[in-house]
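Colleague: Just structure16.txt, nothing more (compact mmCIF, C-alpha atoms):
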```txt
# COMPACT_ATOMS: atom_id res chain seq x y z
CA MET A 926 0.61 5.81 4.70
CA GLU A 927 2.41 8.67 6.33
CA GLU A 928 3.82 8.58 9.84
CA GLY A 929 1.54 10.26 12.34
CA GLU A 930 -1.79 9.01 10.98
CA ILE A 931 -4.21 7.52 13.50
CA PHE A 932 -6.26 4.39 12.81
CA VAL A 933 -9.02 2.65 14.73
CA VAL A 934 -7.77 -0.84 15.54
CA GLY A 935 -11.18 -1.87 16.83
CA CYS A 936 -14.14 -1.03 19.04
CA CYS A 937 -15.46 -3.45 21.69
CA ASN A 938 -18.12 -2.84 24.37
CA GLY A 939 -17.72 0.91 24.05
CA LEU A 940 -13.91 0.92 24.24
CA VAL A 941 -12.06 2.20 21.19
CA CYS A 942 -8.48 1.10 20.46
CA LEU A 943 -6.47 3.66 18.48
CA HIS A 944 -3.07 3.18 16.86
CA GLY A 945 -0.71 5.91 15.69
CA PHE A 946 0.48 4.25 12.49
CA SER A 947 4.05 3.02 12.62
CA ILE A 948 5.46 -0.39 11.79
CA TYR A 949 8.37 0.12 14.19
CA HIS A 950 6.78 1.80 17.23
CA PHE A 951 3.84 0.64 19.30
CA ASN A 952 1.72 3.76 19.85
CA VAL A 953 -1.63 2.49 21.11
CA VAL A 954 -4.34 4.11 23.25
CA ILE A 955 -7.62 2.69 24.61
CA TRP A 956 -10.32 5.36 24.80
CA ASN A 957 -13.85 5.43 26.18
CA PRO A 958 -15.64 8.33 24.41
CA ALA A 959 -18.55 8.17 26.90
CA THR A 960 -16.43 8.67 30.02
CA LYS A 961 -13.60 10.48 28.17
CA GLU A 962 -11.08 8.18 29.86
CA THR A 963 -7.93 7.22 27.97
CA LYS A 964 -5.17 4.77 28.70
CA VAL A 965 -1.79 4.72 26.96
CA ILE A 966 -0.77 1.10 26.49
CA PRO A 967 2.82 0.48 27.62
CA GLU A 968 5.43 -0.94 25.30
CA SER A 969 5.79 -4.68 25.55
CA ASN A 970 8.56 -5.86 27.85
CA VAL A 971 8.83 -9.10 25.89
CA PRO A 972 12.37 -9.27 24.41
CA GLN A 973 12.39 -8.75 20.66
CA PHE A 974 14.95 -9.38 17.95
CA ARG A 975 16.30 -6.36 16.14
CA GLY A 976 15.29 -5.81 12.53
CA GLY A 977 11.66 -6.85 12.86
CA TYR A 978 8.51 -4.79 12.63
CA ILE A 979 4.85 -4.83 13.67
CA CYS A 980 2.68 -6.52 11.06
CA GLY A 981 -0.61 -6.80 12.92
CA ILE A 982 -2.54 -5.45 15.90
CA GLY A 983 -5.88 -6.69 17.24
CA PHE A 984 -8.20 -5.68 20.07
CA GLY A 985 -11.05 -7.56 21.69
CA PHE A 986 -12.79 -9.05 24.71
CA ASP A 987 -12.06 -12.35 26.46
CA ALA A 988 -15.45 -13.53 27.76
CA LYS A 989 -13.87 -16.33 29.81
CA THR A 990 -11.78 -13.99 31.98
CA ASN A 991 -13.93 -10.86 31.53
CA ASP A 992 -10.85 -9.01 30.27
CA TYR A 993 -9.87 -6.87 27.29
CA LYS A 994 -6.83 -7.90 25.29
CA ILE A 995 -4.52 -6.57 22.60
CA ILE A 996 -2.63 -8.95 20.32
CA LYS A 997 0.57 -7.64 18.71
CA ILE A 998 2.24 -9.65 15.96
CA HIS A 999 5.93 -8.95 15.35
CA PHE A 1000 7.46 -10.06 12.04
CA LEU A 1001 11.11 -10.98 11.43
CA LEU A 1002 12.92 -12.39 8.41
CA HIS A 1003 15.45 -15.13 9.11
CA PRO A 1004 18.69 -13.24 9.94
CA GLU A 1005 21.02 -15.99 8.70
CA SER A 1006 19.42 -16.93 5.43
CA ASN A 1007 18.43 -15.44 2.09
CA SER A 1008 15.36 -17.67 2.07
CA ARG A 1009 11.83 -16.37 2.46
CA ASN A 1010 11.41 -18.08 5.81
CA TYR A 1011 10.26 -15.76 8.54
CA ALA A 1012 9.04 -15.76 12.13
CA TYR A 1013 6.21 -14.28 14.10
CA GLN A 1014 6.51 -13.25 17.72
CA LYS A 1015 3.10 -12.79 19.32
CA GLY A 1016 2.53 -10.73 22.45
CA VAL A 1017 -0.75 -10.43 24.37
CA TYR A 1018 -1.63 -7.45 26.55
CA SER A 1019 -4.19 -7.75 29.37
CA LEU A 1020 -6.05 -4.61 30.41
CA SER A 1021 -6.94 -6.01 33.85
CA SER A 1022 -3.29 -6.68 34.74
CA ASN A 1023 -1.81 -3.89 32.58
CA SER A 1024 0.91 -6.27 31.44
CA TRP A 1025 2.26 -8.13 28.40
CA ARG A 1026 3.27 -11.72 27.96
CA LYS A 1027 4.73 -13.70 25.11
CA LEU A 1028 2.16 -15.96 23.47
CA ASP A 1029 4.64 -18.53 22.14
CA GLY A 1030 7.36 -20.19 24.10
CA HIS A 1031 9.92 -19.86 21.31
CA TRP A 1032 10.57 -18.46 17.87
CA GLU A 1033 9.84 -20.68 14.91
CA TYR A 1034 10.78 -19.77 11.34
CA THR A 1035 7.94 -20.75 9.09
CA ARG A 1036 6.04 -19.99 5.91
CA SER A 1037 2.85 -19.16 7.78
CA PRO A 1038 0.45 -16.65 6.21
CA PHE A 1039 1.57 -13.04 6.29
CA ILE A 1040 -0.95 -10.39 7.35
CA THR A 1041 -1.48 -8.14 4.34
CA ASP A 1042 -3.19 -5.32 6.27
CA ASP A 1043 -0.03 -4.47 8.21
CA CYS A 1044 -1.03 -2.46 11.30
CA LYS A 1045 -3.19 0.15 9.58
CA GLY A 1046 -6.29 -0.72 11.55
CA GLN A 1047 -7.95 -3.08 9.08
CA MET A 1048 -8.88 -5.65 11.70
CA THR A 1049 -12.40 -7.13 11.76
CA TYR A 1050 -13.75 -8.19 15.16
CA ILE A 1051 -16.77 -10.42 15.88
CA ASN A 1052 -17.70 -12.34 19.03
CA GLY A 1053 -14.25 -12.48 20.59
CA VAL A 1054 -12.37 -13.18 17.34
CA ALA A 1055 -10.11 -10.71 15.53
CA SER A 1056 -9.44 -11.31 11.82
CA TRP A 1057 -7.17 -9.96 9.10
CA THR A 1058 -6.60 -10.68 5.42
CA ALA A 1059 -3.46 -12.78 4.98
CA ALA A 1060 -1.45 -14.55 2.29
CA SER A 1061 1.65 -16.63 1.61
CA ASP A 1062 3.34 -17.91 -1.56
CA ASP A 1063 0.62 -20.45 -2.30
CA TRP A 1064 -2.20 -19.48 0.06
CA ALA A 1065 -4.60 -16.58 0.60
CA GLY A 1066 -7.42 -16.16 3.07
CA VAL A 1067 -8.34 -14.90 6.53
CA LEU A 1068 -6.13 -15.21 9.61
CA SER A 1069 -8.10 -15.04 12.89
CA PHE A 1070 -7.19 -14.88 16.58
CA ASP A 1071 -9.53 -16.17 19.30
CA MET A 1072 -9.16 -13.83 22.32
CA SER A 1073 -10.31 -16.46 24.84
CA GLU A 1074 -8.53 -19.56 23.55
CA GLU A 1075 -5.53 -17.53 22.33
CA VAL A 1076 -5.17 -19.60 19.18
CA PHE A 1077 -4.90 -18.63 15.52
CA LEU A 1078 -7.26 -20.02 12.87
CA GLU A 1079 -6.78 -19.96 9.09
CA THR A 1080 -9.61 -19.82 6.56
CA PRO A 1081 -8.63 -20.18 2.87
CA LEU A 1082 -10.38 -18.07 0.26
CA PRO A 1083 -13.23 -19.78 -1.61
CA ASP A 1084 -12.27 -21.65 -4.78
CA ASP A 1085 -14.19 -19.22 -6.98
CA VAL A 1086 -11.85 -16.47 -5.80
CA THR A 1087 -8.56 -18.37 -6.04
CA ARG A 1088 -9.36 -19.43 -9.62
CA ASN A 1089 -9.24 -15.73 -10.58
CA ARG A 1090 -6.08 -14.80 -8.66
CA HIS A 1091 -4.52 -13.27 -11.79
CA LEU A 1092 -7.45 -10.78 -11.83
CA HIS A 1093 -7.66 -10.51 -8.07
CA VAL A 1094 -6.80 -6.98 -6.84
CA GLY A 1095 -7.49 -7.29 -3.12
CA ASN A 1096 -9.92 -8.04 -0.29
CA GLU A 1097 -11.63 -5.98 2.39
CA LEU A 1098 -13.14 -7.47 5.56
CA PHE A 1099 -16.09 -6.05 7.50
CA VAL A 1100 -18.84 -7.10 9.90
CA LEU A 1101 -21.94 -8.55 8.26
CA ASN A 1102 -24.83 -9.78 10.44
CA GLU A 1103 -22.55 -11.13 13.19
CA SER A 1104 -20.35 -12.81 10.57
CA ILE A 1105 -17.27 -11.84 8.60
CA GLY A 1106 -18.09 -10.15 5.31
CA MET A 1107 -15.52 -9.90 2.53
CA ALA A 1108 -15.43 -7.75 -0.60
CA VAL A 1109 -13.22 -9.22 -3.33
CA LYS A 1110 -12.05 -6.67 -5.90
CA ILE A 1111 -11.57 -8.21 -9.38
CA TRP A 1112 -10.61 -6.59 -12.68
CA CYS A 1113 -13.11 -7.03 -15.52
CA GLU A 1114 -12.50 -7.65 -19.22
CA ASP A 1115 -12.47 -3.90 -19.69
CA TRP A 1116 -9.36 -3.08 -17.63
CA LEU A 1117 -10.79 0.31 -16.75
CA GLN A 1118 -13.55 -1.41 -14.81
CA PHE A 1119 -13.74 -3.86 -11.95
CA ARG A 1120 -16.32 -5.59 -9.78
CA PHE A 1121 -16.74 -6.41 -6.10
CA ASP A 1122 -17.92 -9.89 -5.17
CA ILE A 1123 -19.47 -9.82 -1.68
CA TRP A 1124 -18.99 -12.96 0.43
CA SER A 1125 -19.99 -14.05 3.93
CA LEU A 1126 -17.97 -16.38 6.18
CA LEU A 1127 -20.29 -18.19 8.58
CA GLU A 1128 -17.64 -20.10 10.55
CA VAL A 1129 -14.00 -19.10 10.99
CA GLY A 1130 -11.60 -21.86 9.99
CA VAL A 1131 -14.11 -23.65 7.75
CA LYS A 1132 -13.51 -23.03 4.05
CA ASP A 1133 -16.85 -24.51 2.97
CA SER A 1134 -18.75 -21.94 5.05
CA TRP A 1135 -18.07 -19.15 2.52
CA THR A 1136 -21.25 -17.97 0.76
CA LYS A 1137 -21.32 -15.56 -2.16
CA LEU A 1138 -24.08 -12.99 -1.67
CA PHE A 1139 -24.02 -10.66 -4.69
CA THR A 1140 -21.79 -8.67 -7.05
CA ILE A 1141 -21.34 -4.90 -7.31
CA GLY A 1142 -20.38 -3.70 -10.78
CA PRO A 1143 -18.76 -3.75 -13.26
CA CYS A 1144 -18.08 -0.17 -12.22
CA MET A 1145 -15.54 2.61 -12.09
CA GLY A 1146 -14.69 4.95 -9.25
CA ILE A 1147 -15.44 2.75 -6.23
CA THR A 1148 -12.27 2.43 -4.17
CA ARG A 1149 -13.64 -0.13 -1.70
CA PRO A 1150 -16.73 -1.10 0.32
CA LEU A 1151 -16.56 -0.09 3.99
CA GLY A 1152 -19.40 -2.18 5.41
CA PHE A 1153 -23.11 -2.84 5.55
CA TRP A 1154 -25.86 -0.68 7.02
CA LYS A 1155 -29.65 -1.12 7.05
CA ASN A 1156 -31.55 -3.15 4.43
CA ASN A 1157 -28.28 -4.43 2.90
CA THR A 1158 -27.19 -0.94 1.88
CA MET A 1159 -23.43 -0.44 1.99
CA PHE A 1160 -21.07 2.40 2.79
CA MET A 1161 -18.54 2.79 -0.03
CA GLU A 1162 -15.43 4.88 -0.52
CA THR A 1163 -15.23 6.37 -4.04
CA PHE A 1164 -12.89 8.45 -6.14
CA GLN A 1165 -14.75 10.37 -8.83
CA GLU A 1166 -14.14 13.67 -10.56
CA ASN A 1167 -10.88 14.09 -8.63
CA SER A 1168 -12.78 13.92 -5.35
CA ARG A 1169 -12.83 11.23 -2.66
CA ARG A 1170 -16.23 10.59 -1.15
CA VAL A 1171 -18.17 8.24 1.11
CA VAL A 1172 -21.46 7.14 -0.44
CA LEU A 1173 -24.33 4.83 0.49
CA TYR A 1174 -24.90 2.12 -2.14
CA ASP A 1175 -28.18 0.22 -2.55
CA PRO A 1176 -27.51 -3.17 -4.27
CA SER A 1177 -31.20 -3.60 -5.16
CA THR A 1178 -31.41 -0.33 -7.13
CA LYS A 1179 -27.66 0.09 -7.83
CA GLN A 1180 -28.02 3.72 -6.78
CA MET A 1181 -25.44 5.72 -4.80
CA THR A 1182 -26.24 8.52 -2.35
CA ASN A 1183 -23.48 11.03 -1.65
CA LEU A 1184 -23.14 11.47 2.13
CA GLN A 1185 -21.06 14.65 1.84
CA ILE A 1186 -18.14 12.98 3.61
CA HIS A 1187 -14.81 13.69 1.92
CA PRO A 1188 -11.84 11.61 3.15
CA GLY A 1189 -8.54 13.39 2.82
CA VAL A 1190 -6.60 10.26 1.85
CA THR A 1191 -7.59 7.16 -0.11
CA PHE A 1192 -8.12 4.11 2.11
CA SER A 1193 -8.39 6.38 5.18
CA SER A 1194 -12.13 5.82 5.79
CA GLN A 1195 -13.19 3.31 8.45
CA LEU A 1196 -16.61 2.12 9.54
CA VAL A 1197 -16.86 1.45 13.30
CA THR A 1198 -19.86 0.20 15.27
CA TYR A 1199 -20.00 1.93 18.66
CA ILE A 1200 -22.31 1.99 21.70
CA ASP A 1201 -21.93 4.08 24.88
CA THR A 1202 -20.78 2.15 27.95
CA LEU A 1203 -19.17 2.85 31.34
CA VAL A 1204 -16.39 0.27 30.95
CA SER A 1205 -13.26 1.58 32.63
CA VAL A 1206 -10.01 1.81 30.67
CA LYS A 1207 -8.02 1.80 33.92
CA GLY A 1208 -8.05 -1.97 34.21
CA GLY A 1209 -11.55 -2.63 35.53
CA ASN A 1210 -13.68 -5.18 33.75
CA GLU A 1211 -17.25 -4.24 34.68
CA PHE A 1212 -19.61 -3.66 31.81
CA GLU A 1213 -22.57 -1.33 31.99
CA GLU A 1214 -24.48 -0.42 28.86
CA GLN A 1215 -26.19 2.91 28.27
CA ASP A 1216 -29.00 3.69 25.89
CA ILE A 1217 -28.14 6.08 23.06
```
Translate the structure of the given file into structure tokens.

Modeller:
Amino acid sequence: MEEGEIFVVGCCNGLVCLHGFSIYHFNVVIWNPATKETKVIPESNVPQFRGGYICGIGFGFDAKTNDYKIIKIHFLLHPESNSRNYAYQKGVYSLSSNSWRKLDGHWEYTRSPFITDDCKGQMTYINGVASWTAASDDWAGVLSFDMSEEVFLETPLPDDVTRNRHLHVGNELFVLNESIGMAVKIWCEDWLQFRFDIWSLLEVGVKDSWTKLFTIGPCMGITRPLGFWKNNTMFMETFQENSRRVVLYDPSTKQMTNLQIHPGVTFSSQLVTYIDTLVSVKGGNEFEEQDI
């Protein structure tokens, strides 16, 4: 992705968190489209080691404190070793106090899962929990952060997915009926075709709560699913006839409807659920919903 692109980190209670893509600079704004208020989030004052970069950003609501938070995950390879050990430094921003604090008391070099989305806005947020796809040398799954408890939870991929890791191209997360949905892209026997297995995660941190819903394909041209709409129809990003498009796919009929939306760059489309509210971005925490 090129410097200067803007991604939606997340949308919560009518507040939209935007990130100007950069792995080295924290350029984040919270915006309320209904009130047209914006707030530029200050750089963290938490001391950081040189040589690291931002590998994940999340945005959400802490129901216990009635506050909005941003989680920033800073990645650093061990400076004194050629090993693959690395460290995370986690900082949490509070909108009500307009301040940052370090989540951990110290650095710890570890082989914890690495967020594969980087900070391109591919966070999925449901009920106070932000989630990303993540992986390590011998593990792949979903890494989640609980905004209220301020703890991380790991959910391994289902066994049916890990058995096909040699054919496994990648995963996309999205919201599915108040749960985490996941589209697993897998190459087929014909290497010009692939399929998408659609899964649902009912409980974060519980591997056995994965449920496979259905399969899209084998097919050509679909770049990735973006998320569900009504009656189990799905928004999809496609690349066909040298043109990128957003289409609506009906799994029951396997028909696609062109929505006449043409993304300029592959993987640039995002599906965001939004509702008008009067929540202030200036640090207030009152919530007032408006009909749209």

Colleague: Go through A:Pro1083, A:Gly1106, A:Pro1038, A:Gly985 and flag the residue nearest Asn1052 in chain A, using all atoms listed in the file for the distances.

Modeller: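 Among the listed residues, A:Gly985 lies closest to Asn1052 in chain A.
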
Colleague: Quote the spacing between CA of Tyr1199 in chain A and CA of Cys936 in chain A in Å to one decimal place.

Modeller: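 Value for the CA of Tyr1199 in chain A-CA of Cys936 in chain A distance: 6.6 Å.
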
Colleague: Take CA of Ile1105 in chain A and CA of Leu1138 in chain A and report the distance between them in Å, one decimal.

Modeller: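 The value is 12.4 Å.
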
Colleague: Using all atoms listed in the file, determine which residues lie at most 12 Å from Glu1097 in chain A, disregarding the query and same-chain residues fewer than 6 positions distant; provide the list as a count of residues only.

Modeller: 34

Colleague: Measure the distance from CA of Ala1055 in chain A to CA of Ile998 in chain A in Å and round it to one decimal.

Modeller: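 Straight-line distance from CA of Ala1055 in chain A to CA of Ile998 in chain A works out to 12.4 Å.
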